[in-house]
Amino acid sequence: MRTILVATAFVCTIGLVSCSEPGGPSEPAARQVGVVVARSEPLSDGGALTGEVRARVQTDLSFRVSGKIVERLVEVGQSVKAGQLLARIDPEEQKADLDVAAANLQSAEAQQTQAQLAFDRQQSLFRTQVTTRAALDQAQEALLTAQASTKSARALFETAQDTLSYTELKADADGVITARNAEVGQVAQAAQVVFTLAHDGDRDAVFEVVESAFLRPIDGDGTVALLSNPSQKITAKVREISPTIDSSTGTIRVKVALSSDAPIPLGAPVVGKFSYVPQDVIQLPWSAMTSKDGKPAVWIVDPASSAVSARAIDVAGYETGRFIVKSGVSAGDVVVTDGTKFLRPGEIVSYVKEASK
């Protein structure tokens, strides 16, 4: 009985070995990944900005002397003409200064008249040898002094006249009052802004944008449309880009010229659209991006061996659903876009080529 059991076990063991030997250990299948073939293609996208319409020329109006405002004649939004009176401050102090200057001028003119008569008299006496040369020179000196005093008094009088005129604030051009910063009864200091005047004529659409939006050249003119009426578009051209960044907002100011007959009111919110000059770039989907030594990278497949390797890249920009490669990837490279999380350098993968979109 024991012999039979041992033989049976031996037969079973041989059978097991014989079953396992022919096949041998099976190799793992290559990892299936999704790829795209990088290609260079023109990129001509653009963007949309929101801003407001402003007058191309805008001035801040202020009194040139200090005083209490006694009259204000215009309101915000009112159209005014050049030379129109806008506000007035109490002129009593300036009138008193003008009276003093007028009295000083009259006194100087009287002294000049007396000096002129004295000089004429001494000159007549000198011709008849009745007076001395020294007396004539003294009379002439007195006349010159009186003339200089009169000239100085006249200049002070004219200055006092100008100062009195400064108590009236007038518009320097035709336009619309867009801001008011003072009221009747308020003491206005010299050079304090009282009104802001938007001049009639050409207008600009003004936008505050991030600097990167205009790092690439703009392709021709853009369009501007009212937020309330997007269907009405006006062709506009970038006129000015501020060379400095606003420290408080981190933006730059861009002014877009509008035609003078554009039916867009001042202060209206608008949307400006523009396009970049087309340039050939390589774009890849976000899923293709990985990291190598803390820097952006992609997995590249060697077409000959189907082995993958991580390659560092420089990114030129990020778009919705994709990014733009500046360097590190060339046209024709096979880039892994699906299955990048579990790859290791030198790993053999299986894939089907598809052109990038």
# chains A, B, ... in the order shown; residues from 1 in each chain; ligands from 1

$ residues_around --residues "segment 93-102 of chain A" --least-positions-apart "2" --cutoff "8 Å" --atoms "only C-alpha atoms" --output "MDAnalysis selection string"
chainID A and resid 90:91 104:106 153:154 156:157 160:161 163:164

$ write_last_selection --atoms "all heavy atoms" --output "compact mmCIF listing (two decimals), in the first residue's frame"
# COMPACT_ATOMS: atom_id res chain seq x y z
N ASP A 90 -14.98 134.90 -3.25
CA ASP A 90 -15.17 136.24 -2.69
C ASP A 90 -14.00 137.14 -3.12
O ASP A 90 -12.85 136.88 -2.76
CB ASP A 90 -15.23 136.14 -1.16
CG ASP A 90 -15.61 137.46 -0.52
OD1 ASP A 90 -15.76 138.46 -1.26
OD2 ASP A 90 -15.76 137.50 0.71
N PRO A 91 -14.28 138.24 -3.86
CA PRO A 91 -13.19 139.05 -4.41
C PRO A 91 -12.81 140.25 -3.54
O PRO A 91 -12.02 141.11 -4.00
CB PRO A 91 -13.77 139.52 -5.74
CG PRO A 91 -15.23 139.69 -5.44
CD PRO A 91 -15.58 138.64 -4.41
N ASN A 104 -1.07 153.63 -5.34
CA ASN A 104 0.40 153.72 -5.45
C ASN A 104 0.81 154.16 -6.86
O ASN A 104 1.77 154.93 -7.03
CB ASN A 104 1.03 152.37 -5.12
CG ASN A 104 0.91 152.03 -3.65
OD1 ASN A 104 0.80 152.92 -2.80
ND2 ASN A 104 0.95 150.74 -3.33
N LEU A 105 0.08 153.69 -7.86
CA LEU A 105 0.39 154.09 -9.23
C LEU A 105 0.13 155.58 -9.43
O LEU A 105 0.94 156.28 -10.06
CB LEU A 105 -0.44 153.26 -10.21
CG LEU A 105 -0.28 153.61 -11.69
CD1 LEU A 105 1.18 153.44 -12.13
CD2 LEU A 105 -1.20 152.76 -12.55
N GLN A 106 -0.98 156.08 -8.90
CA GLN A 106 -1.27 157.50 -9.02
C GLN A 106 -0.21 158.34 -8.33
O GLN A 106 0.22 159.38 -8.84
CB GLN A 106 -2.65 157.79 -8.44
CG GLN A 106 -3.81 157.21 -9.25
CD GLN A 106 -5.15 157.46 -8.59
OE1 GLN A 106 -5.23 157.98 -7.47
NE2 GLN A 106 -6.22 157.07 -9.28
N ALA A 153 5.12 150.57 -10.00
CA ALA A 153 3.75 150.71 -9.52
C ALA A 153 2.75 150.22 -10.56
O ALA A 153 1.73 149.61 -10.23
CB ALA A 153 3.47 152.15 -9.13
N ARG A 154 3.05 150.49 -11.84
CA ARG A 154 2.14 150.05 -12.90
C ARG A 154 2.14 148.52 -13.01
O ARG A 154 1.08 147.90 -13.22
CB ARG A 154 2.55 150.66 -14.24
CG ARG A 154 1.61 150.30 -15.38
CD ARG A 154 1.91 151.04 -16.67
NE ARG A 154 1.58 152.46 -16.53
CZ ARG A 154 2.47 153.44 -16.42
NH1 ARG A 154 3.78 153.15 -16.42
NH2 ARG A 154 2.09 154.70 -16.29
N LEU A 156 2.69 146.43 -10.52
CA LEU A 156 1.92 145.93 -9.38
C LEU A 156 0.42 146.10 -9.60
O LEU A 156 -0.38 145.26 -9.19
CB LEU A 156 2.37 146.66 -8.11
CG LEU A 156 3.79 146.35 -7.63
CD1 LEU A 156 4.14 147.22 -6.42
CD2 LEU A 156 3.93 144.87 -7.28
N PHE A 157 0.06 147.21 -10.25
CA PHE A 157 -1.36 147.44 -10.53
C PHE A 157 -1.90 146.39 -11.50
O PHE A 157 -2.99 145.84 -11.30
CB PHE A 157 -1.54 148.85 -11.12
CG PHE A 157 -2.94 149.16 -11.56
CD1 PHE A 157 -3.93 149.43 -10.62
CD2 PHE A 157 -3.28 149.19 -12.91
CE1 PHE A 157 -5.23 149.71 -11.02
CE2 PHE A 157 -4.57 149.47 -13.32
CZ PHE A 157 -5.55 149.73 -12.37
N ALA A 160 -2.33 143.16 -9.71
CA ALA A 160 -3.53 143.18 -8.88
C ALA A 160 -4.78 142.98 -9.74
O ALA A 160 -5.75 142.31 -9.31
CB ALA A 160 -3.61 144.49 -8.10
N GLN A 161 -4.78 143.55 -10.95
CA GLN A 161 -5.90 143.33 -11.85
C GLN A 161 -6.03 141.85 -12.24
O GLN A 161 -7.13 141.29 -12.25
CB GLN A 161 -5.73 144.19 -13.11
CG GLN A 161 -6.02 145.66 -12.92
CD GLN A 161 -5.89 146.44 -14.22
OE1 GLN A 161 -4.95 146.23 -14.98
NE2 GLN A 161 -6.84 147.34 -14.48
N THR A 163 -4.90 139.32 -10.51
CA THR A 163 -5.30 138.56 -9.32
C THR A 163 -6.80 138.66 -9.10
O THR A 163 -7.45 137.69 -8.72
CB THR A 163 -4.55 139.09 -8.09
OG1 THR A 163 -3.14 138.97 -8.31
CG2 THR A 163 -4.92 138.30 -6.84
N LEU A 164 -7.38 139.84 -9.35
CA LEU A 164 -8.83 139.98 -9.22
C LEU A 164 -9.56 139.11 -10.25
O LEU A 164 -10.59 138.51 -9.93
CB LEU A 164 -9.22 141.45 -9.40
CG LEU A 164 -10.73 141.76 -9.31
CD1 LEU A 164 -11.27 141.35 -7.94
CD2 LEU A 164 -10.99 143.24 -9.58

$ select_by_dssp --residues "segment 7-207 of chain A" --states "strand (DSSP E)" --output "PDB file with N, CA and C atoms, in the first residue's frame"
ATOM      1  N   ARG A  31       2.963  49.196 -21.288  1.00  0.00           N
ATOM      2  CA  ARG A  31       1.925  50.108 -20.821  1.00  0.00           C
ATOM      3  C   ARG A  31       1.322  50.869 -22.005  1.00  0.00           C
ATOM      4  N   GLN A  32       0.008  50.919 -22.050  1.00  0.00           N
ATOM      5  CA  GLN A  32      -0.694  51.633 -23.111  1.00  0.00           C
ATOM      6  C   GLN A  32      -0.821  53.103 -22.719  1.00  0.00           C
ATOM      7  N   GLY A  34      -1.515  57.366 -24.243  1.00  0.00           N
ATOM      8  CA  GLY A  34      -1.995  58.228 -25.314  1.00  0.00           C
ATOM      9  C   GLY A  34      -0.915  59.226 -25.683  1.00  0.00           C
ATOM     10  N   VAL A  35      -0.727  59.483 -26.962  1.00  0.00           N
ATOM     11  CA  VAL A  35       0.324  60.391 -27.416  1.00  0.00           C
ATOM     12  C   VAL A  35      -0.231  61.326 -28.492  1.00  0.00           C
ATOM     13  N   VAL A  36       0.519  62.398 -28.739  1.00  0.00           N
ATOM     14  CA  VAL A  36       0.281  63.270 -29.884  1.00  0.00           C
ATOM     15  C   VAL A  36       1.624  63.547 -30.536  1.00  0.00           C
ATOM     16  N   VAL A  37       1.599  63.790 -31.809  1.00  0.00           N
ATOM     17  CA  VAL A  37       2.802  64.181 -32.539  1.00  0.00           C
ATOM     18  C   VAL A  37       2.849  65.706 -32.583  1.00  0.00           C
ATOM     19  N   SER A  40       4.124  72.371 -35.441  1.00  0.00           N
ATOM     20  CA  SER A  40       4.086  73.824 -35.355  1.00  0.00           C
ATOM     21  C   SER A  40       2.895  74.326 -36.148  1.00  0.00           C
ATOM     22  N   GLU A  41       2.115  75.192 -35.531  1.00  0.00           N
ATOM     23  CA  GLU A  41       0.922  75.717 -36.182  1.00  0.00           C
ATOM     24  C   GLU A  41       0.734  77.179 -35.803  1.00  0.00           C
ATOM     25  N   PRO A  42       0.115  77.974 -36.675  1.00  0.00           N
ATOM     26  CA  PRO A  42      -0.057  79.402 -36.387  1.00  0.00           C
ATOM     27  C   PRO A  42      -1.054  79.638 -35.255  1.00  0.00           C
ATOM     28  N   LEU A  43      -0.693  80.551 -34.381  1.00  0.00           N
ATOM     29  CA  LEU A  43      -1.570  80.941 -33.279  1.00  0.00           C
ATOM     30  C   LEU A  43      -1.934  82.406 -33.471  1.00  0.00           C
ATOM     31  N   GLY A  46      -6.681  86.116 -29.468  1.00  0.00           N
ATOM     32  CA  GLY A  46      -6.653  87.467 -28.914  1.00  0.00           C
ATOM     33  C   GLY A  46      -7.313  87.495 -27.552  1.00  0.00           C
ATOM     34  N   GLY A  47      -7.999  88.576 -27.266  1.00  0.00           N
ATOM     35  CA  GLY A  47      -8.636  88.698 -25.967  1.00  0.00           C
ATOM     36  C   GLY A  47      -9.684  89.790 -25.970  1.00  0.00           C
ATOM     37  N   ALA A  48     -10.357  89.916 -24.845  1.00  0.00           N
ATOM     38  CA  ALA A  48     -11.380  90.948 -24.660  1.00  0.00           C
ATOM     39  C   ALA A  48     -11.085  91.701 -23.371  1.00  0.00           C
ATOM     40  N   LEU A  49     -11.236  93.020 -23.408  1.00  0.00           N
ATOM     41  CA  LEU A  49     -10.967  93.882 -22.268  1.00  0.00           C
ATOM     42  C   LEU A  49     -12.182  94.751 -21.997  1.00  0.00           C
ATOM     43  N   THR A  50     -12.366  95.116 -20.748  1.00  0.00           N
ATOM     44  CA  THR A  50     -13.441  96.041 -20.379  1.00  0.00           C
ATOM     45  C   THR A  50     -12.837  97.359 -19.918  1.00  0.00           C
ATOM     46  N   GLY A  51     -13.462  98.444 -20.316  1.00  0.00           N
ATOM     47  CA  GLY A  51     -12.976  99.772 -19.948  1.00  0.00           C
ATOM     48  C   GLY A  51     -14.087 100.789 -20.050  1.00  0.00           C
ATOM     49  N   GLU A  52     -13.705 102.051 -20.195  1.00  0.00           N
ATOM     50  CA  GLU A  52     -14.690 103.114 -20.306  1.00  0.00           C
ATOM     51  C   GLU A  52     -14.226 104.161 -21.300  1.00  0.00           C
ATOM     52  N   VAL A  53     -15.171 104.953 -21.774  1.00  0.00           N
ATOM     53  CA  VAL A  53     -14.881 105.997 -22.761  1.00  0.00           C
ATOM     54  C   VAL A  53     -14.527 107.292 -22.034  1.00  0.00           C
ATOM     55  N   ARG A  54     -13.433 107.902 -22.456  1.00  0.00           N
ATOM     56  CA  ARG A  54     -12.997 109.178 -21.884  1.00  0.00           C
ATOM     57  C   ARG A  54     -12.613 110.136 -23.009  1.00  0.00           C
ATOM     58  N   ALA A  55     -12.656 111.416 -22.686  1.00  0.00           N
ATOM     59  CA  ALA A  55     -12.212 112.418 -23.659  1.00  0.00           C
ATOM     60  C   ALA A  55     -10.701 112.316 -23.821  1.00  0.00           C
ATOM     61  N   GLN A  58      -8.446 116.128 -21.340  1.00  0.00           N
ATOM     62  CA  GLN A  58      -9.217 116.364 -20.113  1.00  0.00           C
ATOM     63  C   GLN A  58      -8.382 117.231 -19.185  1.00  0.00           C
ATOM     64  N   THR A  59      -8.975 118.300 -18.664  1.00  0.00           N
ATOM     65  CA  THR A  59      -8.226 119.226 -17.818  1.00  0.00           C
ATOM     66  C   THR A  59      -8.900 119.369 -16.464  1.00  0.00           C
ATOM     67  N   ASP A  60      -8.053 119.589 -15.459  1.00  0.00           N
ATOM     68  CA  ASP A  60      -8.534 119.895 -14.109  1.00  0.00           C
ATOM     69  C   ASP A  60      -8.503 121.405 -13.930  1.00  0.00           C
ATOM     70  N   LEU A  61      -9.650 121.988 -13.605  1.00  0.00           N
ATOM     71  CA  LEU A  61      -9.773 123.439 -13.473  1.00  0.00           C
ATOM     72  C   LEU A  61      -9.721 123.825 -12.000  1.00  0.00           C
ATOM     73  N   SER A  62      -8.960 124.861 -11.695  1.00  0.00           N
ATOM     74  CA  SER A  62      -8.823 125.310 -10.305  1.00  0.00           C
ATOM     75  C   SER A  62      -8.592 126.813 -10.281  1.00  0.00           C
ATOM     76  N   GLY A  67      -9.543 131.419  -1.571  1.00  0.00           N
ATOM     77  CA  GLY A  67     -10.696 132.220  -1.174  1.00  0.00           C
ATOM     78  C   GLY A  67     -11.928 131.371  -0.939  1.00  0.00           C
ATOM     79  N   LYS A  68     -12.962 131.995  -0.431  1.00  0.00           N
ATOM     80  CA  LYS A  68     -14.218 131.323  -0.150  1.00  0.00           C
ATOM     81  C   LYS A  68     -15.108 131.351  -1.390  1.00  0.00           C
ATOM     82  N   ILE A  69     -15.593 130.189  -1.778  1.00  0.00           N
ATOM     83  CA  ILE A  69     -16.443 130.098  -2.958  1.00  0.00           C
ATOM     84  C   ILE A  69     -17.820 130.680  -2.625  1.00  0.00           C
ATOM     85  N   VAL A  70     -18.228 131.650  -3.403  1.00  0.00           N
ATOM     86  CA  VAL A  70     -19.513 132.310  -3.156  1.00  0.00           C
ATOM     87  C   VAL A  70     -20.543 131.984  -4.233  1.00  0.00           C
ATOM     88  N   GLU A  71     -20.104 131.380  -5.330  1.00  0.00           N
ATOM     89  CA  GLU A  71     -21.049 131.102  -6.408  1.00  0.00           C
ATOM     90  C   GLU A  71     -20.510 129.946  -7.264  1.00  0.00           C
ATOM     91  N   ARG A  72     -21.407 129.006  -7.570  1.00  0.00           N
ATOM     92  CA  ARG A  72     -21.087 127.909  -8.487  1.00  0.00           C
ATOM     93  C   ARG A  72     -22.199 127.853  -9.523  1.00  0.00           C
ATOM     94  N   SER A  79     -22.817 120.827 -20.417  1.00  0.00           N
ATOM     95  CA  SER A  79     -21.934 121.276 -21.495  1.00  0.00           C
ATOM     96  C   SER A  79     -21.626 122.758 -21.310  1.00  0.00           C
ATOM     97  N   VAL A  80     -20.375 123.139 -21.530  1.00  0.00           N
ATOM     98  CA  VAL A  80     -19.952 124.522 -21.355  1.00  0.00           C
ATOM     99  C   VAL A  80     -19.169 124.964 -22.588  1.00  0.00           C
ATOM    100  N   LEU A  85     -18.200 131.338 -17.457  1.00  0.00           N
ATOM    101  CA  LEU A  85     -17.947 131.427 -16.024  1.00  0.00           C
ATOM    102  C   LEU A  85     -18.515 130.197 -15.324  1.00  0.00           C
ATOM    103  N   LEU A  86     -17.669 129.532 -14.522  1.00  0.00           N
ATOM    104  CA  LEU A  86     -18.075 128.309 -13.837  1.00  0.00           C
ATOM    105  C   LEU A  86     -18.299 128.526 -12.344  1.00  0.00           C
ATOM    106  N   ALA A  87     -17.448 129.331 -11.714  1.00  0.00           N
ATOM    107  CA  ALA A  87     -17.562 129.565 -10.275  1.00  0.00           C
ATOM    108  C   ALA A  87     -16.824 130.856  -9.933  1.00  0.00           C
ATOM    109  N   ARG A  88     -17.114 131.381  -8.733  1.00  0.00           N
ATOM    110  CA  ARG A  88     -16.497 132.641  -8.306  1.00  0.00           C
ATOM    111  C   ARG A  88     -16.205 132.569  -6.817  1.00  0.00           C
ATOM    112  N   ILE A  89     -15.057 133.106  -6.411  1.00  0.00           N
ATOM    113  CA  ILE A  89     -14.741 133.210  -4.989  1.00  0.00           C
ATOM    114  C   ILE A  89     -14.892 134.659  -4.546  1.00  0.00           C
ATOM    115  N   GLU A 168     -12.487 134.486 -10.612  1.00  0.00           N
ATOM    116  CA  GLU A 168     -13.504 133.881 -11.463  1.00  0.00           C
ATOM    117  C   GLU A 168     -12.889 132.689 -12.197  1.00  0.00           C
ATOM    118  N   LEU A 169     -13.533 131.545 -12.081  1.00  0.00           N
ATOM    119  CA  LEU A 169     -13.052 130.332 -12.748  1.00  0.00           C
ATOM    120  C   LEU A 169     -13.843 130.135 -14.030  1.00  0.00           C
ATOM    121  N   LYS A 170     -13.116 130.085 -15.163  1.00  0.00           N
ATOM    122  CA  LYS A 170     -13.767 129.983 -16.459  1.00  0.00           C
ATOM    123  C   LYS A 170     -13.282 128.739 -17.197  1.00  0.00           C
ATOM    124  N   GLY A 175     -16.639 121.828 -23.819  1.00  0.00           N
ATOM    125  CA  GLY A 175     -16.611 120.463 -23.317  1.00  0.00           C
ATOM    126  C   GLY A 175     -17.734 120.182 -22.344  1.00  0.00           C
ATOM    127  N   VAL A 176     -17.519 119.123 -21.538  1.00  0.00           N
ATOM    128  CA  VAL A 176     -18.522 118.670 -20.575  1.00  0.00           C
ATOM    129  C   VAL A 176     -17.871 118.556 -19.207  1.00  0.00           C
ATOM    130  N   ILE A 177     -18.554 119.060 -18.182  1.00  0.00           N
ATOM    131  CA  ILE A 177     -18.063 118.938 -16.812  1.00  0.00           C
ATOM    132  C   ILE A 177     -18.283 117.487 -16.361  1.00  0.00           C
ATOM    133  N   THR A 178     -17.195 116.802 -16.011  1.00  0.00           N
ATOM    134  CA  THR A 178     -17.298 115.395 -15.611  1.00  0.00           C
ATOM    135  C   THR A 178     -17.109 115.177 -14.114  1.00  0.00           C
ATOM    136  N   ALA A 179     -16.627 116.199 -13.381  1.00  0.00           N
ATOM    137  CA  ALA A 179     -16.432 116.032 -11.936  1.00  0.00           C
ATOM    138  C   ALA A 179     -16.453 117.391 -11.268  1.00  0.00           C
ATOM    139  N   ARG A 180     -16.949 117.427 -10.017  1.00  0.00           N
ATOM    140  CA  ARG A 180     -16.976 118.647  -9.209  1.00  0.00           C
ATOM    141  C   ARG A 180     -16.450 118.299  -7.827  1.00  0.00           C
ATOM    142  N   VAL A 187     -13.816 126.967   1.460  1.00  0.00           N
ATOM    143  CA  VAL A 187     -12.627 127.756   1.208  1.00  0.00           C
ATOM    144  C   VAL A 187     -11.712 126.944   0.301  1.00  0.00           C
ATOM    145  N   ALA A 188     -11.539 127.412  -0.914  1.00  0.00           N
ATOM    146  CA  ALA A 188     -10.719 126.703  -1.897  1.00  0.00           C
ATOM    147  C   ALA A 188      -9.301 127.249  -1.861  1.00  0.00           C
ATOM    148  N   VAL A 193      -8.230 121.354  -7.242  1.00  0.00           N
ATOM    149  CA  VAL A 193      -9.107 121.016  -8.361  1.00  0.00           C
ATOM    150  C   VAL A 193     -10.563 121.233  -7.962  1.00  0.00           C
ATOM    151  N   VAL A 194     -11.263 122.050  -8.745  1.00  0.00           N
ATOM    152  CA  VAL A 194     -12.675 122.341  -8.490  1.00  0.00           C
ATOM    153  C   VAL A 194     -13.560 121.599  -9.494  1.00  0.00           C
ATOM    154  N   PHE A 195     -13.193 121.650 -10.766  1.00  0.00           N
ATOM    155  CA  PHE A 195     -13.952 120.958 -11.818  1.00  0.00           C
ATOM    156  C   PHE A 195     -12.988 120.167 -12.705  1.00  0.00           C
ATOM    157  N   THR A 196     -13.505 119.107 -13.311  1.00  0.00           N
ATOM    158  CA  THR A 196     -12.787 118.380 -14.357  1.00  0.00           C
ATOM    159  C   THR A 196     -13.574 118.544 -15.643  1.00  0.00           C
ATOM    160  N   LEU A 197     -12.892 119.024 -16.677  1.00  0.00           N
ATOM    161  CA  LEU A 197     -13.537 119.332 -17.949  1.00  0.00           C
ATOM    162  C   LEU A 197     -13.034 118.388 -19.032  1.00  0.00           C
ATOM    163  N   ALA A 198     -13.967 117.635 -19.636  1.00  0.00           N
ATOM    164  CA  ALA A 198     -13.643 116.779 -20.776  1.00  0.00           C
ATOM    165  C   ALA A 198     -13.888 117.578 -22.048  1.00  0.00           C
ATOM    166  N   HIS A 199     -12.838 117.801 -22.814  1.00  0.00           N
ATOM    167  CA  HIS A 199     -12.951 118.616 -24.007  1.00  0.00           C
ATOM    168  C   HIS A 199     -13.736 117.890 -25.098  1.00  0.00           C
ATOM    169  N   ARG A 203     -12.253 111.007 -28.789  1.00  0.00           N
ATOM    170  CA  ARG A 203     -12.407 110.274 -27.539  1.00  0.00           C
ATOM    171  C   ARG A 203     -11.602 108.986 -27.593  1.00  0.00           C
ATOM    172  N   ASP A 204     -11.282 108.472 -26.406  1.00  0.00           N
ATOM    173  CA  ASP A 204     -10.533 107.231 -26.276  1.00  0.00           C
ATOM    174  C   ASP A 204     -11.310 106.248 -25.429  1.00  0.00           C
ATOM    175  N   ALA A 205     -11.106 104.975 -25.723  1.00  0.00           N
ATOM    176  CA  ALA A 205     -11.544 103.912 -24.823  1.00  0.00           C
ATOM    177  C   ALA A 205     -10.335 103.532 -23.978  1.00  0.00           C
ATOM    178  N   VAL A 206     -10.455 103.634 -22.670  1.00  0.00           N
ATOM    179  CA  VAL A 206      -9.326 103.435 -21.765  1.00  0.00           C
ATOM    180  C   VAL A 206      -9.507 102.114 -21.027  1.00  0.00           C
ATOM    181  N   PHE A 207      -8.454 101.291 -21.047  1.00  0.00           N
ATOM    182  CA  PHE A 207      -8.492  99.976 -20.418  1.00  0.00           C
ATOM    183  C   PHE A 207      -7.332  99.849 -19.433  1.00  0.00           C
TER     184      PHE A 207
END

$ residues_around --residues "Gly250 of chain A" --least-positions-apart "5" --cutoff "9 Å" --atoms "only C-alpha atoms" --output "VMD selection string"
chain A and resid 209 to 211 245

$ write_last_selection --atoms "N, CA, C and O atoms" --output "CSV table (one decimal), in the first residue's frame"
chain,number,residue,atom,x,y,z
A,209,VAL,N,-5.2,96.9,-18.0
A,209,VAL,CA,-4.9,95.5,-18.3
A,209,VAL,C,-3.6,95.0,-17.7
A,209,VAL,O,-2.8,95.8,-17.3
A,210,VAL,N,-3.5,93.7,-17.5
A,210,VAL,CA,-2.2,93.1,-17.1
A,210,VAL,C,-1.2,93.3,-18.2
A,210,VAL,O,-1.5,93.3,-19.4
A,211,GLU,N,0.0,93.4,-17.8
A,211,GLU,CA,1.1,93.7,-18.7
A,211,GLU,C,1.3,92.6,-19.8
A,211,GLU,O,1.5,92.8,-20.9
A,245,ILE,N,3.8,100.6,-14.8
A,245,ILE,CA,2.8,99.8,-14.2
A,245,ILE,C,2.3,100.5,-13.0
A,245,ILE,O,3.0,101.0,-12.2

$ residues_around --residues "Ser124 of chain A" --least-positions-apart "6" --cutoff "12 Å" --atoms "only C-alpha atoms" --output "list in words"
Leu117, Ala118, Val130, Thr131, Thr132, Arg133, Ala135, Leu136 and Ala139 of chain A

$ write_last_selection --atoms "all heavy atoms" --output "short mmCIF file (atom, residue, chain, number, x, y, z; two decimals), in the first residue's frame"
data_model
loop_
_atom_site.label_atom_id
_atom_site.label_comp_id
_atom_site.auth_asym_id
_atom_site.auth_seq_id
_atom_site.Cartn_x
_atom_site.Cartn_y
_atom_site.Cartn_z
N LEU A 117 9.06 168.10 -14.45
CA LEU A 117 9.04 169.56 -14.46
C LEU A 117 10.33 170.14 -13.89
O LEU A 117 10.90 171.11 -14.43
CB LEU A 117 7.84 170.07 -13.67
CG LEU A 117 6.46 169.75 -14.28
CD1 LEU A 117 5.35 170.19 -13.33
CD2 LEU A 117 6.30 170.45 -15.64
N ALA A 118 10.81 169.53 -12.80
CA ALA A 118 12.06 170.01 -12.19
C ALA A 118 13.24 169.83 -13.13
O ALA A 118 14.12 170.71 -13.25
CB ALA A 118 12.32 169.29 -10.88
N VAL A 130 22.57 179.75 -15.73
CA VAL A 130 22.11 180.25 -14.44
C VAL A 130 22.31 179.21 -13.34
O VAL A 130 22.52 179.54 -12.18
CB VAL A 130 20.63 180.65 -14.53
CG1 VAL A 130 20.08 181.06 -13.16
CG2 VAL A 130 20.45 181.77 -15.54
N THR A 131 22.28 177.92 -13.71
CA THR A 131 22.43 176.85 -12.72
C THR A 131 23.66 176.03 -13.05
O THR A 131 24.29 176.20 -14.11
CB THR A 131 21.20 175.93 -12.72
OG1 THR A 131 21.30 175.01 -11.65
CG2 THR A 131 21.06 175.17 -14.02
N THR A 132 24.00 175.18 -12.13
CA THR A 132 25.21 174.37 -12.30
C THR A 132 24.89 173.02 -12.94
O THR A 132 23.74 172.56 -12.99
CB THR A 132 25.88 174.12 -10.94
OG1 THR A 132 24.99 173.36 -10.12
CG2 THR A 132 26.22 175.45 -10.26
N ARG A 133 25.99 172.40 -13.41
CA ARG A 133 25.85 171.06 -14.01
C ARG A 133 25.43 170.04 -12.94
O ARG A 133 24.65 169.14 -13.22
CB ARG A 133 27.18 170.64 -14.63
CG ARG A 133 27.14 169.26 -15.28
CD ARG A 133 26.32 169.31 -16.54
NE ARG A 133 26.20 168.00 -17.16
CZ ARG A 133 25.58 167.79 -18.31
NH1 ARG A 133 25.01 168.82 -18.95
NH2 ARG A 133 25.52 166.60 -18.83
N ALA A 135 23.43 170.53 -10.38
CA ALA A 135 22.00 170.63 -10.14
C ALA A 135 21.20 169.95 -11.24
O ALA A 135 20.16 169.30 -10.98
CB ALA A 135 21.59 172.10 -10.01
N LEU A 136 21.70 170.11 -12.49
CA LEU A 136 21.01 169.45 -13.61
C LEU A 136 21.08 167.93 -13.49
O LEU A 136 20.09 167.23 -13.70
CB LEU A 136 21.63 169.92 -14.93
CG LEU A 136 21.05 169.26 -16.20
CD1 LEU A 136 19.56 169.59 -16.33
CD2 LEU A 136 21.81 169.71 -17.44
N ALA A 139 18.67 166.68 -10.86
CA ALA A 139 17.28 166.68 -11.33
C ALA A 139 17.03 165.51 -12.27
O ALA A 139 15.96 164.89 -12.26
CB ALA A 139 16.98 168.00 -12.03
#

$ atom_distance --atom1 "atom CA of Lys81 of chain A" --atom2 "atom CA of Val57 of chain A"
15.0 Å

$ closest_residue --among "A:Arg239, A:Arg253, A:Lys326, A:Lys151" --to "Asp280 of chain A" --atoms "only C-alpha atoms"
A:Lys326
